[in-house]
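Undergrad: File follows, input-v4.tsv with TSV, C-alpha atoms:
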```
chain	number	residue	atom	x	y	z
A	80	MET	CA	34.84	-15.72	-60.32
A	81	PRO	CA	35.89	-17.48	-57.12
A	82	VAL	CA	33.31	-19.42	-55.11
A	83	VAL	CA	32.57	-17.38	-52.01
A	84	SER	CA	32.98	-19.61	-48.96
A	85	PRO	CA	31.10	-18.80	-45.76
A	86	VAL	CA	33.31	-17.01	-43.27
A	87	ARG	CA	34.49	-19.42	-40.58
A	88	PRO	CA	34.71	-17.71	-37.17
A	89	LEU	CA	37.49	-18.31	-34.67
A	90	PRO	CA	37.16	-21.70	-32.93
A	91	ALA	CA	34.98	-21.60	-29.79
A	92	SER	CA	37.64	-23.39	-27.70
A	93	LEU	CA	39.99	-20.38	-27.66
A	94	GLU	CA	40.62	-18.55	-24.41
A	95	ALA	CA	39.95	-14.82	-24.96
A	96	LEU	CA	42.66	-12.58	-23.49
A	97	GLY	CA	41.07	-9.18	-24.23
A	98	ASP	CA	42.44	-6.59	-26.61
A	99	ALA	CA	46.11	-6.95	-27.53
A	100	THR	CA	47.28	-3.73	-25.80
A	101	SER	CA	48.88	-5.71	-22.97
A	102	TYR	CA	51.00	-7.52	-25.60
A	103	ALA	CA	52.14	-4.33	-27.40
A	104	ASP	CA	55.58	-4.31	-25.77
A	105	ARG	CA	56.18	-7.99	-26.56
A	106	ILE	CA	55.08	-7.43	-30.14
A	107	PHE	CA	57.39	-4.42	-30.38
A	108	GLY	CA	60.24	-6.51	-28.91
A	109	MET	CA	60.08	-9.02	-31.79
A	110	LEU	CA	59.41	-6.51	-34.53
A	111	ASP	CA	62.51	-7.47	-36.51
A	112	LYS	CA	60.85	-10.87	-37.14
A	113	ILE	CA	57.49	-9.44	-38.22
A	114	GLU	CA	57.86	-8.69	-41.91
A	115	LEU	CA	54.51	-6.89	-41.99
A	116	PHE	CA	55.21	-4.43	-39.18
A	117	GLU	CA	59.01	-4.20	-39.10
A	118	ASP	CA	59.07	-0.45	-39.87
A	119	PHE	CA	56.57	0.45	-37.16
A	120	GLU	CA	57.33	2.70	-34.20
A	121	ARG	CA	56.45	1.72	-30.63
A	122	ASP	CA	53.50	4.16	-30.57
A	123	GLU	CA	52.13	2.74	-33.81
A	124	ILE	CA	52.29	-0.82	-32.45
A	125	ARG	CA	50.48	0.30	-29.29
A	126	LEU	CA	47.78	1.98	-31.39
A	127	LEU	CA	47.46	-1.07	-33.67
A	128	ALA	CA	47.35	-3.48	-30.69
A	129	GLY	CA	44.27	-1.64	-29.43
A	130	PHE	CA	42.47	-2.75	-32.60
A	131	MET	CA	43.50	-6.41	-32.20
A	132	ARG	CA	42.17	-9.12	-29.85
A	133	ALA	CA	44.46	-11.66	-28.15
A	134	TYR	CA	43.72	-15.36	-27.66
A	135	ARG	CA	45.30	-18.51	-26.24
A	136	ALA	CA	44.90	-21.87	-28.04
A	137	GLN	CA	45.71	-25.39	-26.82
A	138	PRO	CA	47.97	-27.63	-28.95
A	139	GLY	CA	46.00	-29.30	-31.77
A	140	THR	CA	43.51	-26.45	-32.14
A	141	GLU	CA	42.73	-25.84	-35.80
A	142	ILE	CA	42.63	-22.06	-36.09
A	143	ILE	CA	42.37	-21.70	-39.87
A	144	ARG	CA	41.19	-24.39	-42.32
A	145	GLU	CA	42.16	-24.44	-46.02
A	146	GLY	CA	39.22	-23.62	-48.26
A	147	ASP	CA	37.12	-21.88	-45.59
A	148	GLY	CA	36.19	-18.25	-45.93
A	149	GLY	CA	37.91	-15.95	-43.46
A	150	ASP	CA	38.05	-12.30	-42.59
A	151	TYR	CA	40.93	-12.04	-40.14
A	152	MET	CA	44.70	-12.49	-39.92
A	153	LEU	CA	46.78	-13.78	-37.01
A	154	LEU	CA	49.97	-12.53	-35.46
A	155	THR	CA	51.68	-15.26	-33.41
A	156	ILE	CA	53.05	-13.98	-30.08
A	157	GLU	CA	54.12	-17.17	-28.29
A	158	GLY	CA	54.33	-20.82	-29.37
A	159	GLU	CA	54.38	-22.60	-32.74
A	160	VAL	CA	51.92	-23.27	-35.55
A	161	ASP	CA	51.94	-26.10	-38.09
A	162	ILE	CA	50.94	-25.06	-41.62
A	163	PHE	CA	49.36	-27.73	-43.86
A	164	LYS	CA	48.22	-27.75	-47.45
A	165	ASN	CA	46.20	-30.41	-49.26
A	166	ASP	CA	47.84	-31.89	-52.34
A	167	HIS	CA	45.94	-32.80	-55.51
A	168	LEU	CA	44.83	-36.10	-53.92
A	169	GLY	CA	43.39	-34.18	-50.96
A	170	LEU	CA	46.12	-35.46	-48.61
A	171	ARG	CA	47.19	-32.98	-45.95
A	172	LYS	CA	50.89	-32.18	-46.12
A	173	ARG	CA	52.81	-30.07	-43.62
A	174	ILE	CA	54.49	-27.28	-45.55
A	175	ALA	CA	55.91	-25.20	-42.67
A	176	ILE	CA	56.24	-24.73	-38.90
A	177	VAL	CA	56.25	-21.11	-37.76
A	178	GLY	CA	57.11	-19.53	-34.43
A	179	ALA	CA	56.39	-16.22	-32.74
A	180	GLY	CA	56.36	-13.03	-34.81
A	181	LYS	CA	54.68	-14.46	-37.90
A	182	THR	CA	51.54	-13.16	-39.60
A	183	LEU	CA	49.15	-15.70	-41.11
A	184	GLY	CA	46.02	-15.34	-43.21
A	185	GLU	CA	46.58	-11.79	-44.53
A	186	MET	CA	45.26	-12.65	-47.98
A	187	SER	CA	41.83	-13.85	-46.85
A	188	MET	CA	41.56	-10.93	-44.43
A	189	ILE	CA	41.94	-8.67	-47.42
A	190	ASP	CA	40.03	-10.32	-50.23
A	191	GLY	CA	37.74	-12.75	-48.38
A	192	GLU	CA	38.69	-15.60	-50.68
A	193	PRO	CA	39.17	-19.13	-49.33
A	194	ARG	CA	42.07	-19.81	-46.98
A	195	PHE	CA	45.16	-21.06	-48.82
A	196	SER	CA	46.34	-23.40	-46.04
A	197	THR	CA	45.42	-24.91	-42.67
A	198	CYS	CA	46.98	-23.59	-39.43
A	199	ILE	CA	47.02	-25.78	-36.31
A	200	ALA	CA	48.57	-24.87	-32.94
A	201	ALA	CA	51.62	-27.14	-32.50
A	202	THR	CA	52.20	-25.99	-28.91
A	203	PRO	CA	50.25	-23.80	-26.45
A	204	LEU	CA	49.84	-20.67	-28.54
A	205	VAL	CA	49.20	-17.00	-27.85
A	206	PHE	CA	48.25	-14.90	-30.85
A	207	SER	CA	46.45	-11.70	-31.75
A	208	VAL	CA	43.83	-11.24	-34.45
A	209	LEU	CA	43.21	-8.35	-36.83
A	210	THR	CA	39.82	-8.54	-38.56
A	211	ARG	CA	38.85	-6.85	-41.83
A	212	ASP	CA	36.36	-4.72	-39.85
A	213	ALA	CA	39.11	-3.60	-37.48
A	214	LEU	CA	41.32	-2.67	-40.46
A	215	SER	CA	38.44	-0.61	-41.90
A	216	ARG	CA	38.06	1.16	-38.55
A	217	ILE	CA	41.81	1.89	-38.46
A	218	ILE	CA	41.62	3.39	-41.98
A	219	ALA	CA	38.65	5.58	-40.96
A	220	GLU	CA	39.86	6.60	-37.49
A	221	GLN	CA	43.66	6.57	-37.92
A	222	PRO	CA	44.20	7.08	-41.66
A	223	LEU	CA	47.98	7.45	-41.49
A	224	LEU	CA	48.33	4.21	-39.50
A	225	GLY	CA	45.88	2.60	-41.93
A	226	ALA	CA	47.91	3.75	-44.93
A	227	LYS	CA	51.09	2.43	-43.30
A	228	ILE	CA	49.57	-1.02	-42.70
A	229	LEU	CA	48.24	-1.11	-46.27
A	230	MET	CA	51.59	0.03	-47.69
A	231	GLU	CA	53.39	-2.73	-45.77
A	232	LEU	CA	50.85	-5.27	-47.01
A	233	VAL	CA	51.40	-4.07	-50.58
A	234	VAL	CA	55.18	-4.34	-50.29
A	235	MET	CA	54.96	-7.80	-48.68
A	236	LEU	CA	52.54	-9.14	-51.31
A	237	SER	CA	54.58	-7.60	-54.10
A	238	GLN	CA	57.74	-9.31	-52.88
A	239	ARG	CA	55.97	-12.66	-52.46
A	240	LEU	CA	54.50	-12.31	-55.94
A	241	ARG	CA	57.97	-11.67	-57.40
A	242	GLN	CA	59.38	-14.74	-55.62
A	243	THR	CA	56.47	-16.96	-56.61
A	244	GLY	CA	56.49	-15.57	-60.17
A	245	ALA	CA	60.24	-16.18	-60.48
A	246	LYS	CA	59.83	-19.80	-59.27
A	247	LEU	CA	57.03	-20.32	-61.77
A	248	VAL	CA	59.08	-18.89	-64.68
A	249	GLU	CA	61.98	-21.14	-63.64
A	250	LEU	CA	59.80	-24.26	-63.54
A	251	MET	CA	58.14	-23.42	-66.85
A	252	ASP	CA	61.55	-22.88	-68.45
A	253	LYS	CA	62.44	-26.52	-67.65
B	680	MET	CA	68.55	-8.95	-50.45
B	681	PRO	CA	67.77	-7.83	-53.97
B	682	VAL	CA	70.31	-5.83	-55.91
B	683	VAL	CA	69.06	-2.25	-56.03
B	684	SER	CA	69.03	-1.09	-59.64
B	685	PRO	CA	69.33	2.60	-60.43
B	686	VAL	CA	65.95	4.12	-61.16
B	687	ARG	CA	65.47	4.56	-64.89
B	688	PRO	CA	63.53	7.73	-65.71
B	689	LEU	CA	60.88	7.98	-68.43
B	690	PRO	CA	62.40	8.05	-71.93
B	691	ALA	CA	63.31	11.55	-73.13
B	692	SER	CA	61.47	11.03	-76.45
B	693	LEU	CA	58.01	11.16	-74.84
B	694	GLU	CA	55.71	14.07	-75.59
B	695	ALA	CA	54.54	15.54	-72.26
B	696	LEU	CA	50.79	16.24	-72.18
B	697	GLY	CA	50.58	17.89	-68.74
B	698	ASP	CA	48.77	16.49	-65.74
B	699	ALA	CA	46.18	13.81	-66.45
B	700	THR	CA	43.14	15.87	-65.38
B	701	SER	CA	42.06	16.37	-69.00
B	702	TYR	CA	41.94	12.55	-69.36
B	703	ALA	CA	39.88	11.98	-66.19
B	704	ASP	CA	36.60	11.48	-68.08
B	705	ARG	CA	38.18	9.04	-70.55
B	706	ILE	CA	39.74	7.11	-67.68
B	707	PHE	CA	36.40	7.05	-65.89
B	708	GLY	CA	34.71	5.83	-69.09
B	709	MET	CA	36.87	2.69	-69.26
B	710	LEU	CA	36.89	2.01	-65.54
B	711	ASP	CA	35.36	-1.45	-65.92
B	712	LYS	CA	38.61	-2.50	-67.66
B	713	ILE	CA	40.94	-1.04	-65.01
B	714	GLU	CA	41.24	-3.71	-62.34
B	715	LEU	CA	43.10	-1.33	-60.03
B	716	PHE	CA	40.54	1.48	-60.03
B	717	GLU	CA	37.28	-0.26	-60.94
B	718	ASP	CA	35.55	0.68	-57.66
B	719	PHE	CA	36.42	4.38	-57.93
B	720	GLU	CA	33.86	7.17	-58.21
B	721	ARG	CA	34.13	9.91	-60.85
B	722	ASP	CA	35.32	12.45	-58.23
B	723	GLU	CA	38.02	10.09	-57.01
B	724	ILE	CA	39.30	9.54	-60.56
B	725	ARG	CA	39.41	13.30	-61.12
B	726	LEU	CA	41.33	13.79	-57.87
B	727	LEU	CA	43.72	10.95	-58.72
B	728	ALA	CA	44.25	12.24	-62.28
B	729	GLY	CA	45.51	15.52	-60.82
B	730	PHE	CA	48.39	13.57	-59.27
B	731	MET	CA	49.28	11.80	-62.54
B	732	ARG	CA	51.13	13.11	-65.64
B	733	ALA	CA	50.08	12.19	-69.19
B	734	TYR	CA	52.43	11.38	-72.10
B	735	ARG	CA	52.33	10.35	-75.76
B	736	ALA	CA	54.84	7.78	-77.10
B	737	GLN	CA	55.64	6.82	-80.69
B	738	PRO	CA	55.49	3.13	-81.72
B	739	GLY	CA	58.68	1.30	-80.76
B	740	THR	CA	59.39	3.46	-77.71
B	741	GLU	CA	60.70	1.33	-74.86
B	742	ILE	CA	58.95	2.75	-71.81
B	743	ILE	CA	59.99	0.18	-69.20
B	744	ARG	CA	62.95	-2.21	-69.45
B	745	GLU	CA	63.17	-5.51	-67.54
B	746	GLY	CA	65.79	-5.39	-64.79
B	747	ASP	CA	65.89	-1.60	-64.51
B	748	GLY	CA	64.92	0.15	-61.30
B	749	GLY	CA	61.69	2.11	-61.52
B	750	ASP	CA	59.50	4.23	-59.31
B	751	TYR	CA	56.36	4.74	-61.37
B	752	MET	CA	53.43	2.82	-62.85
B	753	LEU	CA	51.59	3.43	-66.12
B	754	LEU	CA	47.91	3.53	-66.97
B	755	THR	CA	47.35	3.08	-70.72
B	756	ILE	CA	44.70	5.44	-72.11
B	757	GLU	CA	44.96	4.92	-75.88
B	758	GLY	CA	46.93	2.46	-78.05
B	759	GLU	CA	48.67	-0.85	-77.38
B	760	VAL	CA	51.78	-2.01	-75.55
B	761	ASP	CA	53.86	-5.14	-76.15
B	762	ILE	CA	55.12	-6.86	-73.00
B	763	PHE	CA	58.35	-8.86	-73.25
B	764	LYS	CA	60.25	-11.03	-70.81
B	765	ASN	CA	63.74	-12.50	-71.20
B	766	ASP	CA	63.94	-16.27	-70.92
B	767	HIS	CA	66.80	-18.11	-69.18
B	768	LEU	CA	68.97	-17.73	-72.31
B	769	GLY	CA	68.41	-13.97	-72.27
B	770	LEU	CA	66.17	-14.10	-75.35
B	771	ARG	CA	63.35	-11.58	-75.37
B	772	LYS	CA	59.93	-13.25	-75.66
B	773	ARG	CA	56.65	-11.43	-76.08
B	774	ILE	CA	54.37	-12.54	-73.27
B	775	ALA	CA	51.39	-10.21	-73.82
B	776	ILE	CA	49.86	-7.34	-75.80
B	777	VAL	CA	47.74	-4.96	-73.76
B	778	GLY	CA	45.33	-2.23	-74.80
B	779	ALA	CA	43.80	0.80	-73.11
B	780	GLY	CA	42.78	0.61	-69.46
B	781	LYS	CA	45.69	-1.50	-68.23
B	782	THR	CA	48.05	-0.66	-65.38
B	783	LEU	CA	51.71	-1.66	-65.75
B	784	GLY	CA	54.66	-1.52	-63.38
B	785	GLU	CA	52.76	-1.31	-60.09
B	786	MET	CA	55.19	-3.62	-58.30
B	787	SER	CA	58.32	-1.54	-58.95
B	788	MET	CA	56.43	1.66	-58.14
B	789	ILE	CA	55.76	0.14	-54.73
B	790	ASP	CA	58.91	-1.71	-53.77
B	791	GLY	CA	61.54	-0.19	-56.07
B	792	GLU	CA	62.80	-3.59	-57.14
B	793	PRO	CA	63.85	-4.29	-60.73
B	794	ARG	CA	61.18	-4.24	-63.46
B	795	PHE	CA	59.77	-7.72	-64.11
B	796	SER	CA	59.23	-7.19	-67.85
B	797	THR	CA	59.84	-4.82	-70.78
B	798	CYS	CA	57.03	-2.59	-72.12
B	799	ILE	CA	57.26	-1.18	-75.66
B	800	ALA	CA	54.65	0.97	-77.41
B	801	ALA	CA	53.16	-1.18	-80.20
B	802	THR	CA	51.15	1.73	-81.65
B	803	PRO	CA	51.00	5.47	-80.94
B	804	LEU	CA	50.32	5.40	-77.21
B	805	VAL	CA	48.81	7.79	-74.67
B	806	PHE	CA	49.31	6.88	-71.05
B	807	SER	CA	49.42	8.44	-67.61
B	808	VAL	CA	52.05	7.92	-64.94
B	809	LEU	CA	51.73	7.65	-61.17
B	810	THR	CA	55.07	7.95	-59.36
B	811	ARG	CA	55.88	6.70	-55.88
B	812	ASP	CA	56.34	10.33	-54.78
B	813	ALA	CA	52.88	11.21	-56.08
B	814	LEU	CA	51.40	8.24	-54.22
B	815	SER	CA	53.10	9.46	-51.02
B	816	ARG	CA	51.62	12.92	-51.58
B	817	ILE	CA	48.16	11.41	-52.10
B	818	ILE	CA	48.49	9.48	-48.80
B	819	ALA	CA	49.55	12.66	-46.97
B	820	GLU	CA	47.12	15.10	-48.61
B	821	GLN	CA	44.13	12.84	-49.39
B	822	PRO	CA	44.44	9.96	-46.90
B	823	LEU	CA	41.09	8.34	-47.74
B	824	LEU	CA	41.90	8.30	-51.47
B	825	GLY	CA	45.39	7.04	-50.57
B	826	ALA	CA	43.93	4.23	-48.45
B	827	LYS	CA	41.56	3.30	-51.29
B	828	ILE	CA	44.38	3.07	-53.84
B	829	LEU	CA	46.47	1.00	-51.42
B	830	MET	CA	43.53	-1.27	-50.61
B	831	GLU	CA	42.93	-1.88	-54.34
B	832	LEU	CA	46.64	-2.62	-54.82
B	833	VAL	CA	46.54	-5.08	-51.93
B	834	VAL	CA	43.48	-6.88	-53.32
B	835	MET	CA	44.97	-7.01	-56.83
B	836	LEU	CA	48.34	-8.34	-55.63
B	837	SER	CA	46.65	-10.82	-53.33
B	838	GLN	CA	44.58	-12.22	-56.20
B	839	ARG	CA	47.61	-12.41	-58.51
B	840	LEU	CA	49.56	-14.15	-55.76
B	841	ARG	CA	46.79	-16.72	-55.33
B	842	GLN	CA	46.69	-17.38	-59.08
B	843	THR	CA	50.47	-17.62	-59.38
B	844	GLY	CA	50.70	-19.72	-56.22
B	845	ALA	CA	48.03	-22.10	-57.49
B	846	LYS	CA	49.83	-22.51	-60.84
B	847	LEU	CA	53.08	-23.20	-59.00
B	848	VAL	CA	51.46	-25.81	-56.72
B	849	GLU	CA	49.93	-27.44	-59.82
B	850	LEU	CA	53.26	-27.58	-61.67
B	851	MET	CA	55.10	-28.89	-58.60
B	852	ASP	CA	52.45	-31.59	-58.14
B	853	LYS	CA	53.33	-32.96	-61.60
```
Please render this file's structure as structure tokens.
TA:
Amino acid sequence: MPVVSPVRPLPASLEALGDATSYADRIFGMLDKIELFEDFERDEIRLLAGFMRAYRAQPGTEIIREGDGGDYMLLTIEGEVDIFKNDHLGLRKRIAIVGAGKTLGEMSMIDGEPRFSTCIAATPLVFSVLTRDALSRIIAEQPLLGAKILMELVVMLSQRLRQTGAKLVELMDK
Amino acid sequence: MPVVSPVRPLPASLEALGDATSYADRIFGMLDKIELFEDFERDEIRLLAGFMRAYRAQPGTEIIREGDGGDYMLLTIEGEVDIFKNDHLGLRKRIAIVGAGKTLGEMSMIDGEPRFSTCIAATPLVFSVLTRDALSRIIAEQPLLGAKILMELVVMLSQRLRQTGAKLVELMDK
């Protein structure tokens, strides 16, 4: 069984921008980049945005730390995020830089297990947050929207699992 | 983009046993083995079983073939299944033997992409089948049950992805 890490809340230094409804049109405008929500209609994004909170972070803010517990995912709206992972010596290595329209932290939102990587704002950053509690409320109050989000999560995870599984089989073949 | 393979139907040699309602109690009785449904109540299993069909296969029946398209998953109820995967030379290698209470083929049910492995009945086998269409009907007609199934799928895939990702990171470290 995994070690359950305490849930780490959002950093206190973030500027709260209210619920994400005022960003619904911008989110909808970059939907082709957002793998998780690409099939959503404008009305569905507006509904979903009402369940998310928006925040602004200054460059250098560590939003998610590898190994911590967590119960929310991010959707980046403006700016860039550096993604780091510790190697087997515990040295932090940058594994990606992501821009607007990227979701981060879905796995811990879902299963509560430790964060897989560290996410640090590389520029001034605006993002919205979906917590596990908010997802539960969506499922209870808007079951069709809830099912659509879950179905998209399932498809996304399934595709990542195929890619990762294929890479693993390839490496083990060698 | 993945190549879309034609969906391969269930083999014609199967003996159809009707809907899976008559197996609901047996399924419920081995729920601790069924990762996908372990949190389900008896009533939910009964409801779900009404959306599944049950079949009997003779030993040697190839139920799922690697690379084929597919739109259903299996739940084994009685008997054993051999799981094979082709290596890079195209040679079929047995990678697992699974008994009752195992789900197989969830990923293709969800995303329609080619089957990851081949499943052949190792003994006389009774199993039930959940198709993508049936899952869509569950979501439309029983949205809370639908959300629960999807949530379990998400958690299961997320955990497999973590395990596979961790193995990959470990191998790449070497």
Undergrad: Between A:Asp166, A:Glu141, A:Glu120, A:Glu220, which residue has the minimum interatomic distance to chain B, considering all atoms listed in the file?
TA: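 Residue with the minimum atom-to-atom distance to chain B: A:Asp166.
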Undergrad: Looking at A:Phe195, A:Phe163, A:Phe107, A:Tyr151, which one is nearest to chain B, with distances taken over all atoms listed in the file?
TA: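 Of A:Phe195, A:Phe163, A:Phe107, A:Tyr151, the one nearest chain B, counting all atoms listed in the file, is A:Phe195.
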Undergrad: Record the distance separating CA of Glu792 (chain B) and CA of Val234 (chain A), expressed in Å with one decimal.
TA: 10.3 Å
Undergrad: Do you know which residues are at most 12 Å from Gly769 (chain B) counting only C-alpha atoms, after dropping those on the same chain fewer than 4 positions away, and could you put them as a PyMOL selection string?
TA: (chain A and resi 252) or (chain B and resi 745-746+763-765)
Undergrad: Neighbours of Glu114 (chain A) within 8 Å (all atoms listed in the file; same-chain residues fewer than 3 positions away dropped), as a list in words?
TA: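 Those residues are Leu110, Asp111, Glu117, Lys181 and Met235 of chain A.
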Undergrad: Could you check how far CA of Ala736 (chain B) sits from CA of Arg687 (chain B), in Å to one decimal?
TA: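 So the two atoms, CA of Ala736 (chain B) and CA of Arg687 (chain B), lie 16.5 Å apart.
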Undergrad: Tell me which residues come within 12 Å of (66.4, -0.7, -58.7), as a list in words, counting all atoms listed in the file in the file's coordinates.
TA: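 The requested residues, written out, are Met680, Pro681, Val682, Val683, Ser684, Pro685, Val686, Arg687, Pro688, Arg744, Glu745, Gly746, Asp747, Gly748, Gly749, Asp750, Tyr751, Met786, Ser787, Met788, Ile789, Asp790, Gly791, Glu792, Pro793, Arg794 and Phe795 of chain B.
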Undergrad: Point out the residue among A:Lys172, A:Ile124, A:His167, A:Val208 with the least atom-to-atom distance to chain B, counting only C-alpha atoms.
TA: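 Closest to chain B, using only C-alpha atoms: A:His167.
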Undergrad: What separation in Å, quoted to one decimal, exists between CA of Thr243 (chain A) and CA of Leu847 (chain B)?
TA: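 CA of Leu847 (chain B) lies 7.5 Å from CA of Thr243 (chain A).
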Undergrad: Using all atoms listed in the file, which residue out of B:Met851, B:Ala826, B:Val777, B:Val805 lies closest to Ile756 (chain B)?
TA: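 When distances to Ile756 (chain B) are compared using all atoms listed in the file, the smallest one comes from B:Val805.
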Undergrad: Could you tell me which of A:Asp118, A:Glu249, A:Glu123, A:Glu94 comes closest to Ile217 (chain A) if we count all atoms listed in the file?
TA: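 Using all atoms listed in the file, the shortest distance to Ile217 (chain A) belongs to A:Glu123.
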Undergrad: Closest to Thr810 (chain B) among B:Arg732, B:Arg721, B:Arg773, B:Arg839, using all atoms listed in the file?
TA: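 With all atoms listed in the file as the atom set, the closest residue is B:Arg732.
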